[in-house]
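Structure below is upload.cif: mmCIF, C-alpha atoms.
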data_data
#
loop_
_atom_site.label_atom_id
_atom_site.label_comp_id
_atom_site.auth_asym_id
_atom_site.auth_seq_id
_atom_site.Cartn_x
_atom_site.Cartn_y
_atom_site.Cartn_z
CA MET A 296 81.25 -77.21 -59.02
CA ALA A 297 77.57 -77.81 -58.51
CA ARG A 298 77.60 -75.59 -55.47
CA ASP A 299 74.32 -74.16 -54.41
CA VAL A 300 74.30 -70.72 -55.97
CA HIS A 301 71.72 -69.69 -53.45
CA GLN A 302 74.25 -70.26 -50.71
CA ILE A 303 76.74 -68.12 -52.61
CA ASP A 304 74.10 -65.41 -52.78
CA GLU A 305 73.40 -65.71 -49.08
CA TYR A 306 77.12 -65.35 -48.45
CA LEU A 307 77.45 -62.35 -50.75
CA LEU A 308 74.44 -60.71 -49.16
CA GLY A 309 76.04 -61.21 -45.74
CA ARG A 310 73.38 -63.58 -44.50
CA LEU A 311 75.55 -66.59 -43.70
CA ARG A 312 76.33 -66.95 -40.04
CA GLY A 313 78.29 -69.19 -37.69
CA ASP A 314 79.44 -72.59 -38.88
CA ALA A 315 77.91 -72.16 -42.32
CA LEU A 316 79.89 -68.97 -42.86
CA GLU A 317 83.07 -70.55 -41.55
CA ALA A 318 82.70 -73.61 -43.79
CA PHE A 319 81.94 -71.39 -46.79
CA GLU A 320 84.99 -69.20 -46.27
CA LYS A 321 87.19 -72.28 -45.81
CA GLU A 322 86.00 -73.65 -49.10
CA VAL A 323 86.65 -70.36 -50.85
CA ALA A 324 90.17 -70.36 -49.44
CA ASP A 325 90.79 -74.00 -50.35
CA ASP A 326 89.20 -74.15 -53.77
CA PRO A 327 90.37 -71.58 -56.35
CA ASN A 328 87.62 -72.63 -58.78
CA PHE A 329 85.01 -72.06 -56.18
CA ALA A 330 86.60 -68.75 -55.24
CA ASP A 331 86.41 -67.77 -58.90
CA GLN A 332 82.76 -68.79 -59.06
CA VAL A 333 82.03 -66.65 -56.02
CA GLN A 334 83.91 -63.74 -57.53
CA GLN A 335 81.97 -63.98 -60.79
CA ARG A 336 78.74 -64.02 -58.85
CA ARG A 337 79.87 -60.99 -56.87
CA THR A 338 80.64 -59.13 -60.08
CA LEU A 339 77.19 -59.87 -61.47
CA MET A 340 75.60 -58.89 -58.22
CA GLU A 341 77.44 -55.57 -58.27
CA LYS A 342 76.11 -54.90 -61.74
CA VAL A 343 72.56 -55.54 -60.59
CA ASP A 344 73.32 -53.33 -57.62
CA ALA A 345 74.55 -50.55 -59.91
CA TYR A 346 71.42 -50.94 -62.01
CA GLY A 347 69.35 -50.57 -58.85
CA ASP A 348 71.20 -47.33 -58.13
CA TYR A 349 70.33 -46.17 -61.62
CA GLU A 350 66.64 -46.91 -61.08
CA VAL A 351 66.52 -45.10 -57.75
CA LYS A 352 68.45 -42.18 -59.19
CA ALA A 353 65.89 -41.89 -62.00
CA GLN A 354 63.10 -41.98 -59.41
CA LEU A 355 64.87 -39.25 -57.42
CA LYS A 356 65.42 -37.07 -60.47
CA ASN A 357 61.66 -37.08 -61.10
CA LEU A 358 61.03 -36.30 -57.48
CA HIS A 359 63.60 -33.51 -57.57
CA GLN A 360 61.67 -31.73 -60.31
CA LYS A 361 58.46 -31.95 -58.31
CA GLU A 362 60.16 -30.80 -55.10
CA MET A 363 61.79 -27.83 -56.79
CA LYS A 364 58.46 -26.76 -58.30
CA LEU A 365 56.79 -27.05 -54.90
CA ARG A 366 59.67 -25.12 -53.35
CA LEU A 367 59.27 -22.31 -55.87
CA ARG A 368 55.54 -22.19 -55.22
CA ARG A 369 56.11 -22.10 -51.47
CA ARG A 370 58.72 -19.34 -51.84
CA SER A 371 56.42 -17.36 -54.06
CA LEU A 372 53.59 -17.74 -51.56
CA ARG A 373 55.94 -16.72 -48.76
CA ARG A 374 57.03 -13.67 -50.74
CA TRP A 375 53.44 -12.65 -51.35
CA GLY A 376 52.72 -13.20 -47.69
CA PHE A 377 55.63 -10.95 -46.70
CA ALA A 378 54.58 -8.33 -49.23
CA LEU A 379 51.03 -8.31 -47.90
CA PHE A 380 52.31 -8.17 -44.34
CA ALA A 381 54.62 -5.25 -45.20
CA LEU A 382 51.76 -3.50 -46.94
CA LEU A 383 49.57 -3.98 -43.91
CA LEU A 384 52.32 -2.58 -41.66
CA LEU A 385 52.72 0.41 -43.95
CA ALA A 386 48.98 1.01 -43.93
CA ILE A 387 48.93 0.86 -40.13
CA ALA A 388 51.98 3.13 -39.90
CA TYR A 389 50.40 5.61 -42.29
CA TRP A 390 47.17 5.51 -40.32
CA LEU A 391 49.06 6.14 -37.08
CA TRP A 392 51.46 8.79 -38.29
CA GLN A 393 49.75 10.35 -41.26
CA PRO A 394 50.70 14.02 -41.55
CA GLN A 395 48.04 16.53 -40.61
CA LYS A 396 46.14 17.13 -43.81
CA PRO A 397 45.51 20.78 -44.55
CA SER A 398 41.94 21.56 -43.63
CA SER A 399 39.48 22.18 -46.39
CA SER A 400 38.47 25.78 -47.10
CA GLN A 401 34.96 25.17 -45.77
CA GLN A 402 36.39 23.73 -42.55
CA LEU A 403 38.71 26.72 -42.17
CA TYR A 404 35.87 29.13 -42.77
CA ALA A 405 33.62 27.40 -40.25
CA ALA A 406 36.43 27.35 -37.70
CA HIS A 407 37.34 31.01 -38.03
CA TYR A 408 34.16 32.83 -38.97
CA GLU A 409 31.97 34.45 -36.40
CA PRO A 410 29.94 37.66 -36.82
CA TYR A 411 31.74 40.71 -35.56
CA PRO A 412 30.09 42.12 -32.40
CA LEU A 413 28.76 45.54 -33.33
CA ASN A 414 26.86 47.99 -31.10
CA PHE A 415 24.70 50.77 -32.37
CA ALA A 416 23.50 53.10 -29.62
CA ALA A 417 19.98 54.54 -30.03
CA ARG A 418 20.02 58.21 -30.79
CA ASP A 419 17.47 60.77 -31.95
CA GLY A 420 16.15 60.87 -35.47
CA ASN A 421 14.57 58.30 -37.83
CA THR A 422 17.87 57.11 -39.23
CA GLU A 423 19.31 56.63 -35.82
CA ARG A 424 16.29 54.69 -34.69
CA ALA A 425 16.53 52.46 -37.77
CA LEU A 426 20.19 51.91 -36.99
CA ALA A 427 19.39 50.98 -33.41
CA GLU A 428 16.77 48.54 -34.56
CA ALA A 429 19.13 47.04 -37.16
CA GLY A 430 21.68 46.72 -34.38
CA ARG A 431 19.21 44.82 -32.21
CA PHE A 432 18.39 42.44 -35.07
CA TYR A 433 22.09 42.02 -35.75
CA ARG A 434 22.96 41.17 -32.16
CA SER A 435 20.09 38.70 -31.97
CA GLY A 436 21.28 36.97 -35.13
CA GLN A 437 18.39 38.12 -37.31
CA TYR A 438 20.65 39.25 -40.12
CA ALA A 439 17.98 39.09 -42.82
CA LYS A 440 15.91 41.63 -40.89
CA ALA A 441 18.95 43.74 -40.03
CA LEU A 442 20.21 43.95 -43.64
CA PRO A 443 17.54 46.26 -45.23
CA LEU A 444 17.67 48.53 -42.23
CA PHE A 445 21.46 48.84 -42.42
CA GLN A 446 21.19 49.44 -46.17
CA SER A 447 18.69 52.26 -45.72
CA VAL A 448 20.91 53.85 -43.08
CA TYR A 449 23.94 53.58 -45.38
CA GLN A 450 22.06 55.20 -48.26
CA ALA A 451 21.37 58.11 -46.00
CA ASP A 452 24.96 58.38 -44.82
CA THR A 453 27.70 56.74 -46.87
CA THR A 454 30.42 57.72 -44.42
CA GLU A 455 29.29 55.14 -41.90
CA SER A 456 32.04 52.51 -42.34
CA LYS A 457 30.71 50.59 -39.33
CA VAL A 458 27.35 50.22 -41.13
CA LEU A 459 29.14 49.10 -44.27
CA LEU A 460 30.91 46.40 -42.29
CA ALA A 461 27.58 45.31 -40.79
CA ILE A 462 26.03 45.10 -44.27
CA GLY A 463 28.95 43.02 -45.48
CA ILE A 464 28.60 40.60 -42.55
CA CYS A 465 24.83 40.35 -43.03
CA LEU A 466 25.45 39.50 -46.69
CA MET A 467 27.98 36.84 -45.64
CA GLU A 468 25.34 35.36 -43.35
CA ALA A 469 22.94 35.36 -46.31
CA GLY A 470 25.53 33.55 -48.43
CA GLN A 471 25.86 36.48 -50.82
CA LEU A 472 29.62 36.43 -50.74
CA GLU A 473 30.38 38.48 -53.87
CA ASP A 474 28.05 41.24 -52.65
CA ALA A 475 29.70 41.13 -49.26
CA LEU A 476 33.15 41.55 -50.90
CA GLN A 477 31.88 44.56 -52.83
CA ARG A 478 30.70 46.13 -49.57
CA PHE A 479 34.10 45.56 -47.96
CA GLN A 480 35.97 47.06 -50.93
CA PRO A 481 35.63 50.78 -49.93
CA LEU A 482 36.98 49.95 -46.49
CA LEU A 483 39.91 47.98 -47.91
CA GLN A 484 40.92 50.83 -50.18
CA THR A 485 41.17 53.44 -47.45
CA ASP A 486 44.54 54.22 -45.93
CA PHE A 487 42.99 54.39 -42.55
CA ASP A 488 39.62 53.45 -41.25
CA PRO A 489 38.75 52.22 -37.76
CA PHE A 490 37.06 49.20 -39.38
CA LYS A 491 39.67 48.46 -42.04
CA ASP A 492 41.21 45.51 -40.14
CA GLN A 493 37.73 44.00 -39.65
CA ALA A 494 37.00 44.47 -43.36
CA LEU A 495 40.37 42.82 -44.23
CA TRP A 496 39.60 39.88 -41.98
CA TYR A 497 36.05 39.29 -43.22
CA ALA A 498 37.02 39.82 -46.87
CA ALA A 499 39.81 37.26 -46.34
CA LEU A 500 37.25 34.82 -44.93
CA VAL A 501 35.02 35.37 -47.98
CA HIS A 502 37.98 34.43 -50.18
CA VAL A 503 38.65 31.38 -48.03
CA LYS A 504 35.08 30.21 -48.44
CA GLN A 505 35.31 30.79 -52.18
CA GLU A 506 38.49 28.66 -52.34
CA GLU A 507 40.57 31.66 -53.31
CA ARG A 508 43.47 31.15 -50.96
CA PRO A 509 46.02 33.42 -52.67
CA ALA A 510 43.57 36.34 -52.43
CA ALA A 511 42.84 35.47 -48.81
CA GLN A 512 46.56 35.18 -48.07
CA ALA A 513 47.23 38.64 -49.54
CA LEU A 514 44.64 40.20 -47.23
CA LEU A 515 45.83 38.26 -44.20
CA GLN A 516 49.43 39.35 -44.87
CA GLN A 517 48.24 42.92 -44.60
CA ILE A 518 46.80 42.15 -41.18
CA VAL A 519 49.92 40.40 -39.85
CA ALA A 520 52.07 43.31 -41.07
CA ASP A 521 50.58 45.20 -38.13
CA PRO A 522 51.14 43.43 -34.81
CA GLN A 523 48.80 45.93 -33.16
CA SER A 524 45.86 44.72 -35.25
CA ASP A 525 42.96 43.14 -33.35
CA PHE A 526 43.08 40.32 -35.89
CA TYR A 527 46.87 39.84 -35.80
CA GLN A 528 46.84 36.45 -34.02
CA GLN A 529 43.78 35.13 -35.86
CA ALA A 530 45.36 36.04 -39.20
CA ARG A 531 48.62 34.31 -38.26
CA ASP A 532 46.77 31.18 -37.18
CA LEU A 533 44.79 31.05 -40.38
CA LEU A 534 47.92 31.55 -42.49
CA ALA A 535 49.60 28.72 -40.59
CA GLU A 536 46.66 26.47 -41.35
CA PHE A 537 47.08 27.19 -45.05
CA MET B 79 55.37 -30.49 -41.94
CA GLY B 80 55.38 -32.69 -38.82
CA ARG B 81 58.35 -34.81 -37.90
CA ILE B 82 58.35 -38.49 -38.84
CA PRO B 83 60.00 -40.54 -36.07
CA ASP B 84 63.37 -42.03 -37.02
CA GLU B 85 62.24 -45.60 -36.36
CA GLU B 86 59.41 -45.16 -38.84
CA LEU B 87 61.74 -43.66 -41.43
CA ILE B 88 64.20 -46.51 -41.02
CA ARG B 89 61.44 -49.11 -41.23
CA LYS B 90 60.06 -47.56 -44.40
CA LEU B 91 63.50 -47.24 -45.98
CA GLN B 92 64.25 -50.84 -45.12
CA PHE B 93 61.05 -52.56 -46.13
CA SER B 94 58.88 -50.37 -48.37
CA GLU B 95 58.64 -51.02 -52.04
CA ARG B 96 60.42 -48.44 -54.16
CA ARG B 97 57.24 -46.83 -55.47
CA GLU B 98 56.11 -46.29 -51.89
CA LEU B 99 59.31 -44.46 -50.99
CA ASP B 100 58.46 -41.14 -52.64
CA GLY B 101 56.84 -39.92 -49.43
CA VAL B 102 59.97 -40.65 -47.37
CA PHE B 103 62.24 -39.11 -50.00
CA SER B 104 60.05 -35.99 -50.20
CA TYR B 105 60.13 -35.69 -46.44
CA LEU B 106 63.92 -35.91 -46.40
CA TYR B 107 64.13 -33.44 -49.30
CA ARG B 108 62.20 -30.91 -47.26
CA LYS B 109 64.14 -31.54 -44.08
CA VAL B 110 67.72 -31.92 -45.28
CA TYR B 111 68.11 -30.54 -48.81
CA ASP B 112 68.60 -26.90 -47.79
CA GLN B 113 71.31 -27.88 -45.32
CA VAL B 114 73.15 -29.85 -47.99
CA TYR B 115 72.63 -27.00 -50.43
CA ARG B 116 74.30 -24.49 -48.13
CA PHE B 117 77.14 -26.86 -47.38
CA VAL B 118 77.94 -27.80 -50.97
CA ARG B 119 77.65 -24.17 -52.11
CA LYS B 120 80.01 -23.15 -49.32
CA TYR B 121 82.54 -25.59 -50.76
CA LYS B 122 82.35 -24.22 -54.30
CA GLY B 123 79.66 -26.58 -55.55
CA ILE B 124 77.07 -25.55 -58.09
CA GLU B 125 73.35 -26.31 -57.97
CA ALA B 126 73.74 -29.43 -60.11
CA ASP B 127 76.33 -30.74 -57.63
CA VAL B 128 73.86 -30.28 -54.80
CA GLU B 129 71.20 -32.25 -56.64
CA ASP B 130 73.66 -35.01 -57.47
CA ILE B 131 75.15 -35.26 -54.03
CA PHE B 132 71.80 -35.19 -52.28
CA GLN B 133 70.41 -37.94 -54.50
CA ASP B 134 73.52 -40.07 -54.05
CA GLY B 135 73.19 -39.51 -50.32
CA LEU B 136 69.60 -40.73 -50.39
CA ILE B 137 70.63 -43.79 -52.39
CA ALA B 138 73.40 -44.54 -49.92
CA LEU B 139 70.99 -44.17 -47.02
CA LEU B 140 68.45 -46.41 -48.71
CA LYS B 141 71.04 -49.11 -49.33
CA LEU B 142 72.27 -49.01 -45.76
CA ALA B 143 68.68 -49.38 -44.59
CA ARG B 144 67.96 -52.23 -47.05
CA ARG B 145 70.99 -54.08 -45.72
CA GLY B 146 69.93 -53.56 -42.13
CA GLN B 147 73.02 -51.46 -41.47
CA LEU B 148 71.26 -48.42 -40.00
CA ALA B 149 71.36 -48.40 -36.22
CA ALA B 150 67.88 -48.32 -34.73
CA ASP B 151 68.65 -45.16 -32.79
CA VAL B 152 70.21 -43.19 -35.62
CA ASN B 153 69.03 -39.66 -36.34
CA VAL B 154 68.15 -40.16 -39.99
CA GLU B 155 68.22 -36.49 -41.01
CA ALA B 156 71.59 -35.83 -39.40
CA TYR B 157 72.96 -39.06 -40.81
CA LEU B 158 71.80 -38.23 -44.32
CA PHE B 159 73.50 -34.86 -44.05
CA SER B 160 76.76 -36.46 -42.91
CA ILE B 161 76.61 -38.91 -45.82
CA CYS B 162 76.13 -36.03 -48.27
CA ARG B 163 78.89 -34.04 -46.67
CA ASN B 164 81.31 -36.97 -46.96
CA LEU B 165 80.28 -37.68 -50.53
CA TRP B 166 81.02 -34.09 -51.45
CA PHE B 167 84.37 -34.16 -49.67
CA LYS B 168 85.28 -37.27 -51.59
CA GLN B 169 84.53 -35.49 -54.84
CA LEU B 170 86.57 -32.49 -53.73
CA GLN B 171 89.47 -34.71 -52.78
CA LYS B 172 89.36 -36.26 -56.23
CA LYS B 173 89.56 -32.77 -57.65
CA LYS B 174 92.46 -32.00 -55.28
CA VAL B 175 90.58 -29.18 -53.60
CA ASN B 176 91.96 -28.19 -50.20
CA ILE B 177 89.55 -28.87 -47.36
CA ASN B 178 89.70 -27.65 -43.81
CA PRO B 179 90.96 -30.71 -41.85
CA ASP B 180 88.41 -30.03 -39.11
CA ASP B 181 85.64 -30.61 -41.63
CA LEU B 182 87.13 -33.98 -42.54
CA GLN B 183 86.59 -35.57 -39.16
CA MET B 184 84.01 -38.05 -40.39
CA ALA B 185 85.10 -40.18 -43.30
CA ALA B 186 82.29 -42.01 -45.04
CA PRO B 187 82.50 -45.78 -45.42
CA ALA B 188 83.18 -46.84 -48.99
CA GLU B 189 79.78 -48.48 -49.45
CA GLU B 190 78.10 -45.15 -48.98
CA VAL B 191 79.09 -44.08 -52.46
CA PRO B 192 76.51 -45.49 -54.86
CA LEU B 193 78.17 -47.90 -57.26
CA TYR B 194 76.47 -46.46 -60.29
CA SER B 195 77.82 -42.98 -59.57
CA MET B 196 81.35 -44.34 -59.26
CA MET B 197 81.30 -46.00 -62.65
CA LYS B 198 82.46 -44.54 -65.90
CA SER B 199 79.72 -43.74 -68.37
CA GLU B 200 80.67 -46.63 -70.73
CA GLU B 201 80.38 -49.06 -67.88
CA GLN B 202 77.07 -47.54 -66.83
CA GLN B 203 75.79 -47.89 -70.39
CA GLU B 204 76.94 -51.50 -70.58
CA ILE B 205 75.00 -52.32 -67.43
CA LEU B 206 71.89 -50.52 -68.64
CA ASN B 207 71.98 -52.33 -71.95
CA ALA B 208 72.48 -55.69 -70.29
CA LEU B 209 69.66 -55.23 -67.82
CA GLN B 210 67.38 -53.94 -70.55
CA GLN B 211 68.08 -57.05 -72.62
CA LEU B 212 67.23 -59.16 -69.63
CA GLY B 213 63.56 -58.27 -69.86
CA GLU B 214 61.33 -56.67 -67.25
CA ASP B 215 60.42 -59.80 -65.35
CA CYS B 216 63.99 -60.96 -64.80
CA ARG B 217 65.21 -57.47 -64.10
CA LYS B 218 62.63 -57.04 -61.38
CA VAL B 219 63.44 -60.34 -59.70
CA LEU B 220 67.16 -59.60 -59.63
CA VAL B 221 66.77 -56.03 -58.44
CA TYR B 222 64.30 -57.10 -55.76
CA PHE B 223 66.68 -59.75 -54.54
CA TYR B 224 70.12 -58.16 -54.82
CA TYR B 225 69.33 -54.48 -54.52
CA ASP B 226 66.23 -54.30 -52.37
CA ARG B 227 67.32 -57.34 -50.39
CA MET B 228 63.84 -58.79 -50.40
CA ARG B 229 63.20 -62.29 -49.22
CA MET B 230 62.08 -64.90 -51.76
CA ARG B 231 58.61 -65.15 -50.25
CA LYS B 232 58.01 -61.44 -50.78
CA ILE B 233 59.41 -61.58 -54.31
CA ALA B 234 57.07 -64.48 -55.09
CA ASP B 235 54.14 -62.43 -53.78
CA LEU B 236 55.08 -59.32 -55.73
CA MET B 237 55.74 -61.21 -58.94
CA GLY B 238 52.68 -63.42 -58.58
CA TYR B 239 54.69 -66.67 -58.51
CA ALA B 240 53.14 -69.79 -57.11
CA SER B 241 55.81 -70.32 -54.48
CA GLU B 242 59.06 -69.20 -52.99
CA GLN B 243 60.80 -72.00 -54.88
CA VAL B 244 59.50 -70.67 -58.20
CA ALA B 245 60.99 -67.30 -57.34
CA LYS B 246 64.26 -68.92 -56.39
CA ASN B 247 64.44 -70.83 -59.65
CA ARG B 248 63.53 -67.73 -61.59
CA LYS B 249 66.33 -65.80 -59.93
CA SER B 250 68.84 -68.52 -60.92
CA GLU B 251 67.65 -68.49 -64.49
CA CYS B 252 67.85 -64.74 -64.66
CA MET B 253 71.37 -64.68 -63.26
CA LYS B 254 72.45 -67.21 -65.87
CA LYS B 255 70.85 -65.12 -68.55
CA LEU B 256 72.55 -61.99 -67.25
CA LYS B 257 75.90 -63.75 -67.12
CA HIS B 258 75.41 -64.86 -70.69
CA ILE B 259 74.59 -61.30 -71.79
CA PHE B 260 77.71 -59.94 -70.18
CA ASN B 261 79.86 -62.75 -71.55
CA LYS B 262 78.86 -61.98 -75.10
CA THR B 263 79.41 -58.24 -74.55
CA PRO B 264 82.89 -57.50 -75.94
CA ASN B 265 83.71 -54.76 -73.46
CA ARG B 266 82.89 -56.72 -70.32
CA ASN B 267 84.83 -56.51 -67.07
#
Represent the supplied structure as structure tokens.
Amino acid sequence: MARDVHQIDEYLLGRLRGDALEAFEKEVADDPNFADQVQQRRTLMEKVDAYGDYEVKAQLKNLHQKEMKLRLRRRSLRRWGFALFALLLLAIAYWLWQPQKPSSSQQLYAAHYEPYPLNFAARDGNTERALAEAGRFYRSGQYAKALPLFQSVYQADTTESKVLLAIGICLMEAGQLEDALQRFQPLLQTDFDPFKDQALWYAALVHVKQEERPAAQALLQQIVADPQSDFYQQARDLLAEF
Amino acid sequence: MGRIPDEELIRKLQFSERRELDGVFSYLYRKVYDQVYRFVRKYKGIEADVEDIFQDGLIALLKLARRGQLAADVNVEAYLFSICRNLWFKQLQKKKVNINPDDLQMAAPAEEVPLYSMMKSEEQQEILNALQQLGEDCRKVLVYFYYDRMRMRKIADLMGYASEQVAKNRKSECMKKLKHIFNKTPNRN
């Protein structure tokens, strides 16, 4: 009975080999008491083994909590990464394919405005000479000098619609937009005047510069209603840019 | 995360102390858990089942390594997955769930199922109580020897005993004590 329990352990742990193992197994087979002793030892060993499982399981449960927290953090970081990446892609896509923004009124004005080319032939008489001089100033871009001369001519003869147009354009050059509009008004109200289309066009541009697009549109519509107008295409283009 | 070579994993599983195993377990969690998750969920498992099965799989792997029963050339990650898969199939079979026979090609050896998980809760409690009564010192010696399969010399070193013989004697005393505890427990096996 006084068997070496350490040898039983070695057997149960599968460490006995060769003759020692053979002798041990023979004894187990031959001696029921010894076999019982071995069995009891095995049972105890299994209980220790089960307890070991319990300890490792507890260790793993702790670890599981930590791993799941880390996993959540990694997922959250990944999600943020994807979101940032998507945002970046969107920004690039927008930058590449952004729709043409409507131009600002000032840009439209600058793009479409240019002084109307007017010629005033020199004729006899003081008024006519003043007109010719005003015309020279006008053509050379000296609108400030041309303006008083045109005004004096117009005071002398208010039927000169061409002079009225020139005054309006000189006022536009001087930045006096409201005054320019007032000068264009008589031309706009006529049923027919050789300079009505010009007055419509320049009055429309004044409205554009003053950010009054509906008013500008109304005047431009009048121009495009007549395909024969000199300003037909320009008016269409400007309306399209609105 | 870089790959840890299988030989290193096996060596650590076989010889490292338990508290040093967290790194290996974490590594295997990150490499294999998702695979087990998908598999168990595919076969009607819930998240708690995945956790349970994966942990039992790790325990089974650890025990195989401690006993020197892992082949040196085994692919540890693939092997862990197959253990988990078989553990889950065993549970499904117990519940009489039909399984595709093709998926049942590999049957797990019986020792792969951790003993503790196989026991009824009363039996588990009995063991816990007994080992708790044993005291920390004895418990450690027995677990080191029978569960972790450590040699007496290493146990003596870890426990601070003067010699291997002291450790051996201590183990005998502790086994007697444990036997006594179980013998006086009315509901013993």
Taking only residues of chain B that have an atom at most 6 Å from an atom of chain A, what is each one's shortest atom pair and its distance in Å to one decimal, using only C-alpha atoms, in chain and number order, as a Markdown table?
| residue | atom | partner | partner_atom | distance |
| --- | --- | --- | --- | --- |
| B:Leu193 | CA | A:Ala345 | CA | 5.2 |
| B:Tyr194 | CA | A:Ala345 | CA | 4.5 |
| B:Tyr225 | CA | A:Asp344 | CA | 5.2 |
Could you please take those selected residues and save C-alpha atoms as an mmCIF file, keeping the file's coordinate frame?
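So the final result, stored in again.cif, reads:
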data_model
loop_
_atom_site.group_PDB
_atom_site.id
_atom_site.type_symbol
_atom_site.label_atom_id
_atom_site.label_comp_id
_atom_site.auth_asym_id
_atom_site.auth_seq_id
_atom_site.Cartn_x
_atom_site.Cartn_y
_atom_site.Cartn_z
ATOM 1 C CA LEU B 193 78.170 -47.900 -57.260
ATOM 2 C CA TYR B 194 76.470 -46.460 -60.290
ATOM 3 C CA TYR B 225 69.330 -54.480 -54.520
#
Picked residues, the PyMOL selection byres ((chain B and resi 103-118) around 8), expected as a ChimeraX atom specification: /A:355,358,362 /B:99-102,119-125,127-128,132,136,155,158-159,162-163,166
To one decimal in Å, tell me the separation between atom CA of A:Phe445 and atom CA of A:Ala406. 26.6 Å
Going by the chain IDs and residue numbers used in this file, which residues fall under the PyMOL selection byres ((chain A and resi 517) around 12)? Write them as a compact mmCIF listing (two decimals) with C-alpha atoms, in the frame of the given file.
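Output below, filename expr_15.txt:
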# COMPACT_ATOMS: atom_id res chain seq x y z
CA LEU A 483 39.91 47.98 -47.91
CA ASP A 486 44.54 54.22 -45.93
CA LYS A 491 39.67 48.46 -42.04
CA ASP A 492 41.21 45.51 -40.14
CA GLN A 493 37.73 44.00 -39.65
CA ALA A 494 37.00 44.47 -43.36
CA LEU A 495 40.37 42.82 -44.23
CA TRP A 496 39.60 39.88 -41.98
CA ALA A 498 37.02 39.82 -46.87
CA ALA A 499 39.81 37.26 -46.34
CA ALA A 510 43.57 36.34 -52.43
CA ALA A 511 42.84 35.47 -48.81
CA GLN A 512 46.56 35.18 -48.07
CA ALA A 513 47.23 38.64 -49.54
CA LEU A 514 44.64 40.20 -47.23
CA LEU A 515 45.83 38.26 -44.20
CA GLN A 516 49.43 39.35 -44.87
CA ILE A 518 46.80 42.15 -41.18
CA VAL A 519 49.92 40.40 -39.85
CA ALA A 520 52.07 43.31 -41.07
CA ASP A 521 50.58 45.20 -38.13
CA PRO A 522 51.14 43.43 -34.81
CA GLN A 523 48.80 45.93 -33.16
CA SER A 524 45.86 44.72 -35.25
CA PHE A 526 43.08 40.32 -35.89
CA TYR A 527 46.87 39.84 -35.80
CA ALA A 530 45.36 36.04 -39.20
CA ARG A 531 48.62 34.31 -38.26
CA LEU A 534 47.92 31.55 -42.49
Separation of atom CA of B:Gly213 and atom CA of B:Ser250, in Å?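 Answer for the atom CA of B:Gly213 to atom CA of B:Ser250 separation: 14.6 Å.
Taking all atoms listed in the file, the non-local environment of stretch 446-455 of chain A within 9 Å (same-chain residues fewer than 3 positions away omitted) comprises Thr422, Glu423, Ala425, Leu426, Ala441, Leu442, Pro443, Val458, Leu459, Leu460 and Ile462 of chain A.
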Expanded to explicit residues, what is the PyMOL selection byres ((chain B and resi 211) around 12) for this file, as a list in words? Glu204, Ile205, Leu206, Asn207, Ala208, Leu209, Gln210, Leu212, Gly213, Glu214, Asp215, Cys216, Arg217, Cys252, Lys255, Leu256, Lys257, His258, Ile259, Phe260 and Thr263 of chain B
Nearby residues (all atoms listed in the file) at most 9 Å from B:Val152, same-chain spacing under 5 positions excluded, as a list in words: Asp84, Glu85, Ile88 and Tyr157 of chain B
In Å to one decimal, how far is atom CA of A:Ile464 from atom CA of A:Tyr497?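 Taking atom CA of A:Tyr497 as the start and atom CA of A:Ile464 as the end point, the length is 7.6 Å.
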Let me have the centre and edge lengths in Å, one decimal, of the box along x, y and z around every listed atom of stretch 244-247 of chain B with 4 Å of margin on each side, as AutoDock Vina command-line options.
--center_x 62.0 --center_y -69.1 --center_z -58.0 --size_x 12.9 --size_y 11.5 --size_z 11.3
Neighbours of A:Ala469 within 10 Å (only C-alpha atoms; same-chain residues fewer than 3 positions away dropped), as a list of chain:residue names?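 Neighbouring residues, sequence-local ones excluded: A:Tyr438, A:Ala439, A:Leu442, A:Gly463, A:Ile464, A:Cys465, A:Leu466, A:Leu472, A:Ala475.
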Restricting it to C-alpha atoms, dump the selection as a PDB file, in the frame of the given file.
ATOM      1  CA  TYR A 438      20.650  39.250 -40.120  1.00  0.00           C
ATOM      2  CA  ALA A 439      17.980  39.090 -42.820  1.00  0.00           C
ATOM      3  CA  LEU A 442      20.210  43.950 -43.640  1.00  0.00           C
ATOM      4  CA  GLY A 463      28.950  43.020 -45.480  1.00  0.00           C
ATOM      5  CA  ILE A 464      28.600  40.600 -42.550  1.00  0.00           C
ATOM      6  CA  CYS A 465      24.830  40.350 -43.030  1.00  0.00           C
ATOM      7  CA  LEU A 466      25.450  39.500 -46.690  1.00  0.00           C
ATOM      8  CA  LEU A 472      29.620  36.430 -50.740  1.00  0.00           C
ATOM      9  CA  ALA A 475      29.700  41.130 -49.260  1.00  0.00           C
TER      10      ALA A 475
END
